[in-house]
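Visitor: Handing over entry-v3.cif, mmCIF, C-alpha atoms and all ligand atoms.
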```
data_protein
loop_
_atom_site.group_PDB
_atom_site.id
_atom_site.type_symbol
_atom_site.label_atom_id
_atom_site.label_comp_id
_atom_site.auth_asym_id
_atom_site.auth_seq_id
_atom_site.Cartn_x
_atom_site.Cartn_y
_atom_site.Cartn_z
ATOM 1 C CA MET Y 21 47.399 62.025 91.302
ATOM 2 C CA ILE Y 22 49.576 62.730 94.349
ATOM 3 C CA ILE Y 23 52.678 60.660 95.017
ATOM 4 C CA VAL Y 24 53.342 60.176 98.733
ATOM 5 C CA PRO Y 25 56.557 58.339 99.603
ATOM 6 C CA GLY Y 26 56.282 56.568 102.942
ATOM 7 C CA PRO Y 27 59.128 56.740 105.497
ATOM 8 C CA ALA Y 28 60.596 53.498 104.118
ATOM 9 C CA SER Y 29 60.704 54.619 100.471
ATOM 10 C CA ASN Y 30 61.582 58.308 100.352
ATOM 11 C CA THR Y 31 64.146 57.957 97.576
ATOM 12 C CA LEU Y 32 62.183 55.572 95.380
ATOM 13 C CA GLY Y 33 58.916 57.461 95.935
ATOM 14 C CA GLU Y 34 60.606 60.705 94.928
ATOM 15 C CA ALA Y 35 62.054 59.061 91.810
ATOM 16 C CA ILE Y 36 58.593 57.760 90.830
ATOM 17 C CA ALA Y 37 57.108 61.253 91.296
ATOM 18 C CA HIS Y 38 59.859 62.786 89.156
ATOM 19 C CA GLU Y 39 59.266 60.193 86.414
ATOM 20 C CA LEU Y 40 55.674 61.457 86.388
ATOM 21 C CA GLY Y 41 56.831 65.082 86.272
ATOM 22 C CA GLN Y 42 55.651 65.799 89.817
ATOM 23 C CA GLU Y 43 57.049 66.768 93.179
ATOM 24 C CA PRO Y 44 56.385 64.176 95.898
ATOM 25 C CA VAL Y 45 54.432 64.955 99.050
ATOM 26 C CA PHE Y 46 56.529 63.636 101.926
ATOM 27 C CA ILE Y 47 54.659 62.306 104.919
ATOM 28 C CA ASN Y 48 55.352 63.650 108.419
ATOM 29 C CA ASN Y 49 56.428 60.785 110.604
ATOM 30 C CA ARG Y 50 58.315 59.953 113.738
ATOM 31 C CA ILE Y 51 58.901 57.048 116.042
ATOM 32 C CA PHE Y 52 57.850 57.455 119.671
ATOM 33 C CA PRO Y 53 60.275 56.348 122.417
ATOM 34 C CA ASP Y 54 58.246 53.155 122.913
ATOM 35 C CA GLY Y 55 58.626 52.222 119.246
ATOM 36 C CA GLU Y 56 55.185 53.245 117.974
ATOM 37 C CA SER Y 57 54.896 55.129 114.668
ATOM 38 C CA TYR Y 58 53.314 58.553 114.192
ATOM 39 C CA ILE Y 59 52.013 59.556 110.757
ATOM 40 C CA GLN Y 60 50.567 62.860 109.519
ATOM 41 C CA MET Y 61 49.463 63.689 105.964
ATOM 42 C CA PRO Y 62 50.809 67.208 105.303
ATOM 43 C CA HIS Y 63 48.735 67.961 102.201
ATOM 44 C CA ALA Y 64 45.029 68.041 101.266
ATOM 45 C CA VAL Y 65 43.999 64.819 99.534
ATOM 46 C CA ASP Y 66 40.295 65.507 99.094
ATOM 47 C CA GLY Y 67 39.058 64.016 95.809
ATOM 48 C CA GLU Y 68 42.579 62.916 94.799
ATOM 49 C CA THR Y 69 44.132 59.646 93.744
ATOM 50 C CA VAL Y 70 46.794 59.173 96.410
ATOM 51 C CA VAL Y 71 49.698 56.881 95.585
ATOM 52 C CA LEU Y 72 51.513 55.665 98.702
ATOM 53 C CA VAL Y 73 54.957 54.183 98.129
ATOM 54 C CA GLN Y 74 56.219 52.139 101.048
ATOM 55 C CA THR Y 75 58.487 49.134 100.940
ATOM 56 C CA THR Y 76 58.237 46.618 103.766
ATOM 57 C CA ALA Y 77 61.788 45.415 104.412
ATOM 58 C CA PRO Y 78 63.782 45.451 106.591
ATOM 59 C CA ASP Y 79 61.599 45.708 109.695
ATOM 60 C CA PRO Y 80 58.389 44.611 107.963
ATOM 61 C CA ASP Y 81 55.970 44.957 110.879
ATOM 62 C CA ARG Y 82 56.685 48.639 111.515
ATOM 63 C CA LYS Y 83 56.644 49.446 107.791
ATOM 64 C CA ILE Y 84 53.333 47.692 107.254
ATOM 65 C CA MET Y 85 51.770 49.583 110.175
ATOM 66 C CA GLN Y 86 53.014 52.896 108.758
ATOM 67 C CA LEU Y 87 51.494 52.054 105.385
ATOM 68 C CA LEU Y 88 48.167 51.151 107.003
ATOM 69 C CA PHE Y 89 48.153 54.445 108.896
ATOM 70 C CA MET Y 90 48.880 56.379 105.700
ATOM 71 C CA ALA Y 91 46.152 54.633 103.721
ATOM 72 C CA ARG Y 92 43.448 55.058 106.365
ATOM 73 C CA THR Y 93 44.419 58.721 106.863
ATOM 74 C CA ALA Y 94 44.241 59.424 103.126
ATOM 75 C CA LYS Y 95 40.764 57.838 102.992
ATOM 76 C CA ASP Y 96 39.607 59.663 106.152
ATOM 77 C CA PHE Y 97 40.594 62.962 104.560
ATOM 78 C CA GLY Y 98 38.616 62.334 101.397
ATOM 79 C CA ALA Y 99 41.007 60.657 98.933
ATOM 80 C CA GLU Y 100 38.957 59.277 96.080
ATOM 81 C CA ARG Y 101 41.331 56.416 95.369
ATOM 82 C CA VAL Y 102 44.217 55.053 97.384
ATOM 83 C CA VAL Y 103 46.931 53.154 95.548
ATOM 84 C CA ALA Y 104 49.458 51.317 97.739
ATOM 85 C CA VAL Y 105 52.759 50.578 96.003
ATOM 86 C CA LEU Y 106 54.663 47.940 97.976
ATOM 87 C CA PRO Y 107 57.970 47.723 96.090
ATOM 88 C CA TYR Y 108 58.768 44.699 98.263
ATOM 89 C CA MET Y 109 55.854 42.996 99.938
ATOM 90 C CA ALA Y 110 56.846 41.244 103.141
ATOM 91 C CA TYR Y 111 55.081 38.031 104.136
ATOM 92 C CA ALA Y 112 54.303 37.143 100.514
ATOM 93 C CA ARG Y 113 56.343 33.953 100.812
ATOM 94 C CA GLN Y 114 53.954 32.580 103.450
ATOM 95 C CA ASP Y 115 51.181 32.242 100.875
ATOM 96 C CA LYS Y 116 50.191 28.687 101.797
ATOM 97 C CA ARG Y 117 49.699 26.665 104.931
ATOM 98 C CA PHE Y 118 52.622 24.276 104.634
ATOM 99 C CA LEU Y 119 51.906 22.866 108.098
ATOM 100 C CA GLU Y 120 48.670 22.576 110.075
ATOM 101 C CA GLY Y 121 48.076 25.625 112.256
ATOM 102 C CA GLU Y 122 50.346 28.028 110.371
ATOM 103 C CA ALA Y 123 49.324 31.648 109.849
ATOM 104 C CA LEU Y 124 48.507 32.543 106.253
ATOM 105 C CA SER Y 125 50.537 35.735 106.589
ATOM 106 C CA PHE Y 126 50.233 36.944 102.974
ATOM 107 C CA ASP Y 127 46.455 36.829 103.179
ATOM 108 C CA VAL Y 128 46.405 38.683 106.515
ATOM 109 C CA VAL Y 129 48.469 41.570 105.107
ATOM 110 C CA LEU Y 130 46.179 41.830 102.070
ATOM 111 C CA ASP Y 131 43.128 41.803 104.376
ATOM 112 C CA LEU Y 132 44.600 44.703 106.337
ATOM 113 C CA LEU Y 133 45.279 46.746 103.200
ATOM 114 C CA GLU Y 134 41.714 46.303 102.053
ATOM 115 C CA ALA Y 135 40.349 47.064 105.521
ATOM 116 C CA VAL Y 136 42.015 50.505 105.632
ATOM 117 C CA GLY Y 137 40.560 51.466 102.254
ATOM 118 C CA VAL Y 138 43.280 50.652 99.721
ATOM 119 C CA ASP Y 139 41.692 50.439 96.256
ATOM 120 C CA ASP Y 140 44.743 49.211 94.328
ATOM 121 C CA THR Y 141 47.852 47.455 95.526
ATOM 122 C CA ILE Y 142 50.896 47.322 93.271
ATOM 123 C CA VAL Y 143 53.596 44.746 94.010
ATOM 124 C CA ILE Y 144 56.743 43.813 92.127
ATOM 125 C CA ASP Y 145 57.696 40.211 91.359
ATOM 126 C CA ILE Y 146 55.474 38.710 93.992
ATOM 127 C CA HIS Y 147 56.706 35.353 95.201
ATOM 128 C CA SER Y 148 53.872 33.365 93.620
ATOM 129 C CA GLU Y 149 51.601 34.797 90.946
ATOM 130 C CA GLU Y 150 49.423 31.683 91.265
ATOM 131 C CA ALA Y 151 48.834 32.258 94.988
ATOM 132 C CA LEU Y 152 48.038 35.898 94.256
ATOM 133 C CA ALA Y 153 45.574 34.980 91.516
ATOM 134 C CA GLU Y 154 43.822 32.571 93.872
ATOM 135 C CA LEU Y 155 43.446 35.235 96.554
ATOM 136 C CA GLN Y 156 42.420 38.101 94.243
ATOM 137 C CA SER Y 157 38.754 36.990 94.037
ATOM 138 C CA LYS Y 158 38.459 37.498 97.805
ATOM 139 C CA TYR Y 159 39.163 41.226 97.501
ATOM 140 C CA THR Y 160 37.423 44.253 96.030
ATOM 141 C CA MET Y 161 40.873 45.891 96.010
ATOM 142 C CA LYS Y 162 42.762 45.187 92.791
ATOM 143 C CA ILE Y 163 46.227 43.699 93.120
ATOM 144 C CA HIS Y 164 48.671 44.349 90.291
ATOM 145 C CA ASN Y 165 51.925 42.412 89.996
ATOM 146 C CA LEU Y 166 54.675 43.947 87.850
ATOM 147 C CA THR Y 167 57.940 42.288 86.950
ATOM 148 C CA ALA Y 168 61.312 44.012 87.111
ATOM 149 C CA LEU Y 169 63.132 41.092 85.489
ATOM 150 C CA PHE Y 170 63.046 42.571 81.979
ATOM 151 C CA VAL Y 171 64.497 45.861 83.246
ATOM 152 C CA LEU Y 172 67.208 43.864 85.035
ATOM 153 C CA ALA Y 173 67.947 41.812 81.911
ATOM 154 C CA GLU Y 174 68.270 44.969 79.788
ATOM 155 C CA TYR Y 175 70.723 46.317 82.364
ATOM 156 C CA MET Y 176 72.767 43.081 82.362
ATOM 157 C CA LYS Y 177 72.856 43.129 78.572
ATOM 158 C CA LYS Y 178 74.683 46.461 78.746
ATOM 159 C CA GLN Y 179 77.007 45.112 81.482
ATOM 160 C CA THR Y 180 78.894 42.591 79.324
ATOM 161 C CA TYR Y 181 76.251 39.878 79.677
ATOM 162 C CA ASP Y 182 74.843 40.216 76.159
ATOM 163 C CA GLY Y 183 74.517 36.650 74.830
ATOM 164 C CA ALA Y 184 74.730 35.139 78.320
ATOM 165 C CA TYR Y 185 72.848 32.049 79.384
ATOM 166 C CA SER Y 186 69.848 32.720 81.687
ATOM 167 C CA LEU Y 187 69.087 30.454 84.612
ATOM 168 C CA SER Y 188 66.170 30.159 87.002
ATOM 169 C CA PRO Y 189 67.366 28.560 90.263
ATOM 170 C CA ASP Y 190 63.886 27.218 90.864
ATOM 171 C CA ILE Y 191 61.082 25.738 88.793
ATOM 172 C CA GLY Y 192 58.630 28.313 90.200
ATOM 173 C CA ARG Y 193 60.093 31.143 88.137
ATOM 174 C CA LYS Y 194 60.801 29.019 85.062
ATOM 175 C CA LYS Y 195 58.222 30.578 82.721
ATOM 176 C CA ILE Y 196 59.089 34.195 83.373
ATOM 177 C CA VAL Y 197 62.867 33.619 83.274
ATOM 178 C CA GLU Y 198 62.440 31.756 79.987
ATOM 179 C CA ARG Y 199 60.786 34.876 78.518
ATOM 180 C CA VAL Y 200 63.406 37.141 80.063
ATOM 181 C CA SER Y 201 66.190 34.994 78.557
ATOM 182 C CA GLU Y 202 65.204 36.342 75.126
ATOM 183 C CA VAL Y 203 66.666 39.718 76.129
ATOM 184 C CA LEU Y 204 70.132 38.193 76.610
ATOM 185 C CA GLY Y 205 69.673 35.676 73.820
ATOM 186 C CA GLY Y 206 72.083 33.020 75.102
ATOM 187 C CA GLY Y 207 69.713 30.196 76.056
ATOM 188 C CA PHE Y 208 67.835 29.187 79.167
ATOM 189 C CA ALA Y 209 67.714 26.451 81.794
ATOM 190 C CA PHE Y 210 66.398 25.935 85.298
ATOM 191 C CA PHE Y 211 67.427 24.066 88.397
ATOM 192 C CA GLU Y 212 65.032 22.586 90.917
ATOM 193 C CA LYS Y 213 64.743 23.322 94.599
ATOM 194 C CA VAL Y 214 63.145 20.932 97.035
ATOM 195 C CA ARG Y 215 62.147 22.234 100.466
ATOM 196 C CA ASP Y 216 61.734 20.142 103.599
ATOM 197 C CA ARG Y 217 58.556 21.669 104.980
ATOM 198 C CA TYR Y 218 59.433 20.774 108.589
ATOM 199 C CA THR Y 219 63.009 22.032 108.767
ATOM 200 C CA GLY Y 220 62.643 24.603 105.964
ATOM 201 C CA LYS Y 221 65.956 23.318 104.512
ATOM 202 C CA THR Y 222 66.239 23.268 100.739
ATOM 203 C CA THR Y 223 68.210 21.037 98.389
ATOM 204 C CA MET Y 224 69.020 22.049 94.834
ATOM 205 C CA ILE Y 225 68.925 19.663 91.904
ATOM 206 C CA VAL Y 226 71.672 20.956 89.608
ATOM 207 C CA LYS Y 227 71.283 19.830 86.005
ATOM 208 C CA ASP Y 228 74.193 19.176 83.684
ATOM 209 C CA LEU Y 229 74.414 22.004 81.190
ATOM 210 C CA ASP Y 230 76.792 22.708 78.345
ATOM 211 C CA LEU Y 231 78.274 25.926 79.708
ATOM 212 C CA LYS Y 232 82.063 25.781 79.185
ATOM 213 C CA GLY Y 233 83.302 29.380 79.365
ATOM 214 C CA LYS Y 234 79.835 30.795 78.895
ATOM 215 C CA ASN Y 235 78.612 33.703 81.017
ATOM 216 C CA VAL Y 236 75.450 33.041 83.015
ATOM 217 C CA VAL Y 237 72.891 35.323 84.650
ATOM 218 C CA ILE Y 238 70.811 33.745 87.413
ATOM 219 C CA PHE Y 239 67.461 35.517 87.851
ATOM 220 C CA ASP Y 240 65.412 35.193 91.035
ATOM 221 C CA ASP Y 241 62.783 37.221 92.869
ATOM 222 C CA ILE Y 242 64.594 37.430 96.214
ATOM 223 C CA ILE Y 243 68.045 37.087 97.707
ATOM 224 C CA SER Y 244 67.592 36.621 101.426
ATOM 225 C CA SER Y 245 70.195 34.424 103.120
ATOM 226 C CA GLY Y 246 71.918 33.950 99.751
ATOM 227 C CA GLY Y 247 71.609 30.160 100.051
ATOM 228 C CA THR Y 248 69.649 29.601 96.834
ATOM 229 C CA MET Y 249 71.907 31.747 94.677
ATOM 230 C CA SER Y 250 75.123 30.348 96.211
ATOM 231 C CA ARG Y 251 74.123 26.791 95.433
ATOM 232 C CA ALA Y 252 73.234 27.712 91.865
ATOM 233 C CA ILE Y 253 76.499 29.665 91.414
ATOM 234 C CA ARG Y 254 78.577 26.725 92.702
ATOM 235 C CA GLY Y 255 76.715 24.317 90.427
ATOM 236 C CA LEU Y 256 77.434 26.530 87.421
ATOM 237 C CA LYS Y 257 81.077 27.202 88.259
ATOM 238 C CA GLU Y 258 81.708 23.463 88.757
ATOM 239 C CA GLN Y 259 80.479 22.965 85.204
ATOM 240 C CA GLY Y 260 82.999 25.473 83.862
ATOM 241 C CA ALA Y 261 80.773 28.522 83.441
ATOM 242 C CA GLY Y 262 82.528 31.838 82.727
ATOM 243 C CA LYS Y 263 81.278 34.878 84.636
ATOM 244 C CA VAL Y 264 78.211 34.256 86.786
ATOM 245 C CA ALA Y 265 75.903 37.082 87.880
ATOM 246 C CA ALA Y 266 73.348 36.764 90.679
ATOM 247 C CA VAL Y 267 70.448 39.032 89.760
ATOM 248 C CA CYS Y 268 67.251 39.551 91.698
ATOM 249 C CA THR Y 269 64.444 42.026 92.178
ATOM 250 C CA HIS Y 270 64.576 42.183 95.981
ATOM 251 C CA ALA Y 271 67.904 41.906 97.819
ATOM 252 C CA LEU Y 272 66.979 41.700 101.490
ATOM 253 C CA PRO Y 273 69.767 42.971 103.710
ATOM 254 C CA VAL Y 274 70.325 39.740 105.599
ATOM 255 C CA PRO Y 275 73.734 39.543 107.363
ATOM 256 C CA GLY Y 276 76.146 37.092 105.766
ATOM 257 C CA ALA Y 277 74.447 36.908 102.344
ATOM 258 C CA ASN Y 278 77.098 39.001 100.593
ATOM 259 C CA GLU Y 279 79.972 36.794 101.846
ATOM 260 C CA LYS Y 280 78.055 33.651 100.938
ATOM 261 C CA LEU Y 281 77.541 34.822 97.351
ATOM 262 C CA ARG Y 282 81.125 36.032 96.925
ATOM 263 C CA ASN Y 283 82.531 32.803 98.409
ATOM 264 C CA ALA Y 284 80.409 30.801 95.985
ATOM 265 C CA GLY Y 285 82.075 32.709 93.135
ATOM 266 C CA ALA Y 286 79.542 35.391 92.141
ATOM 267 C CA ASP Y 287 81.204 37.783 89.705
ATOM 268 C CA ASP Y 288 78.402 40.317 89.856
ATOM 269 C CA ILE Y 289 75.431 40.826 92.166
ATOM 270 C CA VAL Y 290 72.665 43.113 90.969
ATOM 271 C CA ALA Y 291 69.261 44.022 92.389
ATOM 272 C CA THR Y 292 66.656 46.759 92.103
ATOM 273 C CA ASP Y 293 65.861 49.546 94.533
ATOM 274 C CA THR Y 294 62.661 47.927 95.874
ATOM 275 C CA VAL Y 295 64.746 47.461 99.024
ATOM 276 C CA GLU Y 296 67.848 49.480 99.914
ATOM 277 C CA SER Y 297 70.844 47.170 99.754
ATOM 278 C CA LEU Y 298 74.457 46.944 98.607
ATOM 279 C CA TYR Y 299 73.223 45.957 95.147
ATOM 280 C CA ASP Y 300 70.281 48.249 94.413
ATOM 281 C CA THR Y 301 71.741 49.576 91.157
ATOM 282 C CA VAL Y 302 68.663 49.214 88.949
ATOM 283 C CA SER Y 303 65.665 51.465 89.612
ATOM 284 C CA ILE Y 304 62.085 50.360 89.216
ATOM 285 C CA ALA Y 305 60.871 53.997 89.284
ATOM 286 C CA GLY Y 306 60.246 54.077 85.516
ATOM 287 C CA LEU Y 307 58.414 50.752 85.561
ATOM 288 C CA VAL Y 308 56.074 51.860 88.358
ATOM 289 C CA ALA Y 309 55.511 55.337 86.884
ATOM 290 C CA GLU Y 310 54.613 53.835 83.525
ATOM 291 C CA TYR Y 311 52.070 51.553 85.178
ATOM 292 C CA LEU Y 312 50.588 54.362 87.273
ATOM 293 C CA ARG Y 313 49.887 56.275 84.048
ATOM 294 C CA THR Y 314 47.589 53.421 82.967
ATOM 295 C CA LEU Y 315 45.461 53.376 86.159
HETATM 296 C C1 LIG L 1 62.165 31.160 97.083
HETATM 297 O O1 LIG L 1 61.485 30.299 96.555
HETATM 298 C C2 LIG L 1 62.563 32.433 96.419
HETATM 299 O O2 LIG L 1 62.240 32.451 95.055
HETATM 300 C C3 LIG L 1 64.038 32.721 96.618
HETATM 301 O O3 LIG L 1 64.792 31.772 95.876
HETATM 302 C C4 LIG L 1 64.403 32.635 98.054
HETATM 303 O O4 LIG L 1 63.526 33.412 98.835
HETATM 304 C C5 LIG L 1 65.828 33.082 98.277
HETATM 305 O O5 LIG L 1 66.124 32.938 99.630
HETATM 306 P P1 LIG L 1 67.596 32.616 100.123
HETATM 307 O O6 LIG L 1 68.478 33.690 99.589
HETATM 308 O O7 LIG L 1 67.474 32.631 101.619
HETATM 309 O O8 LIG L 1 67.935 31.265 99.603
#
```
How does this structure look as structure tokens?
Ligand code: R5P

Guide:
Amino acid sequence: MIIVPGPASNTLGEAIAHELGQEPVFINNRIFPDGESYIQMPHAVDGETVVLVQTTAPDPDRKIMQLLFMARTAKDFGAERVVAVLPYMAYARQDKRFLEGEALSFDVVLDLLEAVGVDDTIVIDIHSEEALAELQSKYTMKIHNLTALFVLAEYMKKQTYDGAYSLSPDIGRKKIVERVSEVLGGGFAFFEKVRDRYTGKTTMIVKDLDLKGKNVVIFDDIISSGGTMSRAIRGLKEQGAGKVAAVCTHALPVPGANEKLRNAGADDIVATDTVESLYDTVSIAGLVAEYLRTL
């Protein structure tokens, strides 16, 4: 097995290789003056399982193209199996046609990965496991979804949140956050988010909870604009919660999100290193390495 970090995930790819007791094989890449990407595989891959690690945010389109180039090149040069690790998979939120005529972006990206010869795709906390399960039968390529929420919960437990209440800001992640809440051991609840499919605006239904002075950890897959977390934080603080931590797998570096979360009263903001951000304190390298050992 050869671990090849893509240009977007040099640090994480190297950490995954080290977890597996290997040295990574860094790809040669550059960006031409017109913005196109150049990719060259610097190492023989004939007969090998080649693991490409490439996140796809920020700048998803370029990063996806680079990953496609890497995968096709590995196959062209005789790789026996190509495993694409997308620590953050862009476009996964557009997994349904909410309006007539919309692109099914998630499906298109998966089609492209299969078309360039990817045998296995590994993603972390994909937006909707149900949507992924529905699409899987379309592909020969296997798609594996891992969750980083348990690793995050273990980290929060050591950061003064042992015994804290766990909250899912959305019904979609209710089941997994309920299981994760057992790590902290302080109880579990969820809020509900309703989205206007035309304007994209969301409203949060905040439930009354008995939280006086209790610390709360909110777990979500993504922080993008920070809107979802801020509303949940405000709802909790208004009910007298103690410290509130906003915890997610993927913190997308969207301008203004940090201020929004701090203004809402977030005491701590924690994310993984699937995407480089101000909060990427928890590494998923061990989680991915462990899974790669089972392939
Ligand atoms: C949406 O359903 C996701 O689970 C996240 O809650 C959402 O993507 C977060 O986005 P934002 O930070 O813009 O509210």

Visitor: Which centre and which edge lengths, in Å to one decimal, describe the axis-aligned box that holds all listed atoms of ligand LIG 1 (chain L) after 6 Å is added on each side, as JSON?

Guide:
```
{"center_x": 65.0, "center_y": 32.0, "center_z": 98.3, "size_x": 19.0, "size_y": 15.4, "size_z": 18.6}
```

Visitor: Which residues are near region 52-60 of chain Y? Cut-off 7 Å, all atoms listed in the file, ignore same chain within fewer than 6 positions. Put them as a ChimeraX atom specification.

Guide: /Y:86,89-90

Visitor: Find the residues around region 75-77 of chain Y up to 12 Å (all atoms listed in the file counted), leave out those fewer than 6 positions away in its own chain, and share them as a count of residues only.

Guide: 40

Visitor: Could you jot down the CA of Leu315 (chain Y) to CA of Phe239 (chain Y) separation for me, Å, one decimal place?

Guide: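 Distance reported for this atom pair: 28.4 Å.
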
Visitor: Can you tell me, as a list of chain:residue names, what residues are no more than 8 Å from Thr160 (chain Y) when counting all atoms listed in the file, ignoring any on the same chain fewer than 3 positions away?

Guide: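 With the cut-off at 8 Å, the set is Y:Glu134, Y:Asp139, Y:Ser157.
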
Visitor: As a quick test: using all atoms listed in the file, which residues lie no more than 10 Å away from ligand LIG 1 (chain L)? Give them as an mmCIF file with C-alpha atoms, in the frame of the given file.

Guide:
```
data_model
loop_
_atom_site.group_PDB
_atom_site.id
_atom_site.type_symbol
_atom_site.label_atom_id
_atom_site.label_comp_id
_atom_site.auth_asym_id
_atom_site.auth_seq_id
_atom_site.Cartn_x
_atom_site.Cartn_y
_atom_site.Cartn_z
ATOM 1 C CA ARG Y 113 56.343 33.953 100.812
ATOM 2 C CA ASP Y 145 57.696 40.211 91.359
ATOM 3 C CA ILE Y 146 55.474 38.710 93.992
ATOM 4 C CA HIS Y 147 56.706 35.353 95.201
ATOM 5 C CA SER Y 148 53.872 33.365 93.620
ATOM 6 C CA SER Y 188 66.170 30.159 87.002
ATOM 7 C CA PRO Y 189 67.366 28.560 90.263
ATOM 8 C CA ASP Y 190 63.886 27.218 90.864
ATOM 9 C CA ILE Y 191 61.082 25.738 88.793
ATOM 10 C CA GLY Y 192 58.630 28.313 90.200
ATOM 11 C CA ARG Y 193 60.093 31.143 88.137
ATOM 12 C CA LYS Y 213 64.743 23.322 94.599
ATOM 13 C CA VAL Y 214 63.145 20.932 97.035
ATOM 14 C CA ARG Y 215 62.147 22.234 100.466
ATOM 15 C CA LYS Y 221 65.956 23.318 104.512
ATOM 16 C CA THR Y 222 66.239 23.268 100.739
ATOM 17 C CA PHE Y 239 67.461 35.517 87.851
ATOM 18 C CA ASP Y 240 65.412 35.193 91.035
ATOM 19 C CA ASP Y 241 62.783 37.221 92.869
ATOM 20 C CA ILE Y 242 64.594 37.430 96.214
ATOM 21 C CA ILE Y 243 68.045 37.087 97.707
ATOM 22 C CA SER Y 244 67.592 36.621 101.426
ATOM 23 C CA SER Y 245 70.195 34.424 103.120
ATOM 24 C CA GLY Y 246 71.918 33.950 99.751
ATOM 25 C CA GLY Y 247 71.609 30.160 100.051
ATOM 26 C CA THR Y 248 69.649 29.601 96.834
ATOM 27 C CA MET Y 249 71.907 31.747 94.677
ATOM 28 C CA SER Y 250 75.123 30.348 96.211
ATOM 29 C CA ARG Y 251 74.123 26.791 95.433
ATOM 30 C CA CYS Y 268 67.251 39.551 91.698
ATOM 31 C CA HIS Y 270 64.576 42.183 95.981
ATOM 32 C CA ALA Y 271 67.904 41.906 97.819
ATOM 33 C CA LEU Y 272 66.979 41.700 101.490
ATOM 34 C CA VAL Y 274 70.325 39.740 105.599
ATOM 35 C CA ALA Y 277 74.447 36.908 102.344
ATOM 36 C CA LYS Y 280 78.055 33.651 100.938
ATOM 37 C CA LEU Y 281 77.541 34.822 97.351
#
```

Visitor: Between Y:Gly205, Y:Gly285, Y:Gly98, Y:Gly41, single out the one closest to Thr69 (chain Y), counting all atoms listed in the file.

Guide: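 Closest to Thr69 (chain Y), using all atoms listed in the file: Y:Gly98.
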
Visitor: Once the PyMOL selection byres (((chain Y and resi 227) around 12) and not hetatm) has been evaluated on this model, what residues remain selected, and can you format them as an NGL selection string?

Guide: :Y and (187-190 or 209-213 or 224-226 or 228-231 or 252 or 255-256 or 258-259)

Visitor: Please produce an output containing C-alpha atoms for each residue in the selection, written as a compact mmCIF listing (two decimals), in the coordinates of the input.

Guide:
```txt
# COMPACT_ATOMS: atom_id res chain seq x y z
CA LEU Y 187 69.09 30.45 84.61
CA SER Y 188 66.17 30.16 87.00
CA PRO Y 189 67.37 28.56 90.26
CA ASP Y 190 63.89 27.22 90.86
CA ALA Y 209 67.71 26.45 81.79
CA PHE Y 210 66.40 25.94 85.30
CA PHE Y 211 67.43 24.07 88.40
CA GLU Y 212 65.03 22.59 90.92
CA LYS Y 213 64.74 23.32 94.60
CA MET Y 224 69.02 22.05 94.83
CA ILE Y 225 68.92 19.66 91.90
CA VAL Y 226 71.67 20.96 89.61
CA ASP Y 228 74.19 19.18 83.68
CA LEU Y 229 74.41 22.00 81.19
CA ASP Y 230 76.79 22.71 78.34
CA LEU Y 231 78.27 25.93 79.71
CA ALA Y 252 73.23 27.71 91.86
CA GLY Y 255 76.72 24.32 90.43
CA LEU Y 256 77.43 26.53 87.42
CA GLU Y 258 81.71 23.46 88.76
CA GLN Y 259 80.48 22.96 85.20
```

Visitor: Env of Ile22 (chain Y): 9 Å cut, atoms = all atoms listed in the file, seq-sep filter 2 positions within chain, self excluded. Answer as a PDB file with C-alpha atoms, in the frame of the given file.

Guide:
```pdb
ATOM      1  CA  VAL Y  24      53.342  60.176  98.733  1.00  0.00           C
ATOM      2  CA  ALA Y  37      57.108  61.253  91.296  1.00  0.00           C
ATOM      3  CA  GLN Y  42      55.651  65.799  89.817  1.00  0.00           C
ATOM      4  CA  GLU Y  43      57.049  66.768  93.179  1.00  0.00           C
ATOM      5  CA  PRO Y  44      56.385  64.176  95.898  1.00  0.00           C
ATOM      6  CA  VAL Y  45      54.432  64.955  99.050  1.00  0.00           C
ATOM      7  CA  VAL Y  65      43.999  64.819  99.534  1.00  0.00           C
ATOM      8  CA  GLU Y  68      42.579  62.916  94.799  1.00  0.00           C
ATOM      9  CA  THR Y  69      44.132  59.646  93.744  1.00  0.00           C
ATOM     10  CA  VAL Y  70      46.794  59.173  96.410  1.00  0.00           C
ATOM     11  CA  VAL Y  71      49.698  56.881  95.585  1.00  0.00           C
ATOM     12  CA  LEU Y  72      51.513  55.665  98.702  1.00  0.00           C
TER      13      LEU Y  72
END
```

Visitor: Could you tell me which residues the PyMOL selection byres (((chain Y and resi 292) around 6) and not hetatm) returns for this structure, as a list of chain:residue names?

Guide: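 This file gives the following for the PyMOL selection byres (((chain Y and resi 292) around 6) and not hetatm): Y:Thr269, Y:Ala291, Y:Asp293, Y:Thr294, Y:Asp300, Y:Thr301, Y:Val302, Y:Ser303.
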
Visitor: Which residue is closest to Gln74 (chain Y)? Choose from Y:Tyr311, Y:Val103, Y:Phe126, Y:Tyr181 and count all atoms listed in the file.

Guide: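 Nearest candidate to Gln74 (chain Y) out of Y:Tyr311, Y:Val103, Y:Phe126, Y:Tyr181: Y:Val103.
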
Visitor: So how many Å separate CA of Arg117 (chain Y) and CA of Pro80 (chain Y), to one decimal?

Guide: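 Answer for the CA of Arg117 (chain Y) to CA of Pro80 (chain Y) separation: 20.2 Å.
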
Visitor: When you count all atoms listed in the file, which of these residues is closest to Met176 (chain Y): Y:Asn235, Y:Ser125, Y:Asn278, Y:Thr219?

Guide: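 Looking at the shortest contact to Met176 (chain Y), the residue is Y:Asn235.
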
Visitor: For CA of Val197 (chain Y) and CA of Ile36 (chain Y), determine how far apart the two atoms are, in Å to one decimal place.

Guide: 25.7 Å

Visitor: Using all atoms listed in the file for the distances, tell me which of Y:Pro78, Y:Ile238, Y:Ala261, Y:Ile23 is nearest to His38 (chain Y).

Guide: Y:Ile23

Visitor: Kindly resolve the PyMOL selection byres (((chain Y and resi 92) around 10) and not hetatm) on the present coordinates and return the residues as a ChimeraX atom specification.

Guide: /Y:87-91,93-97,99,102,133-138
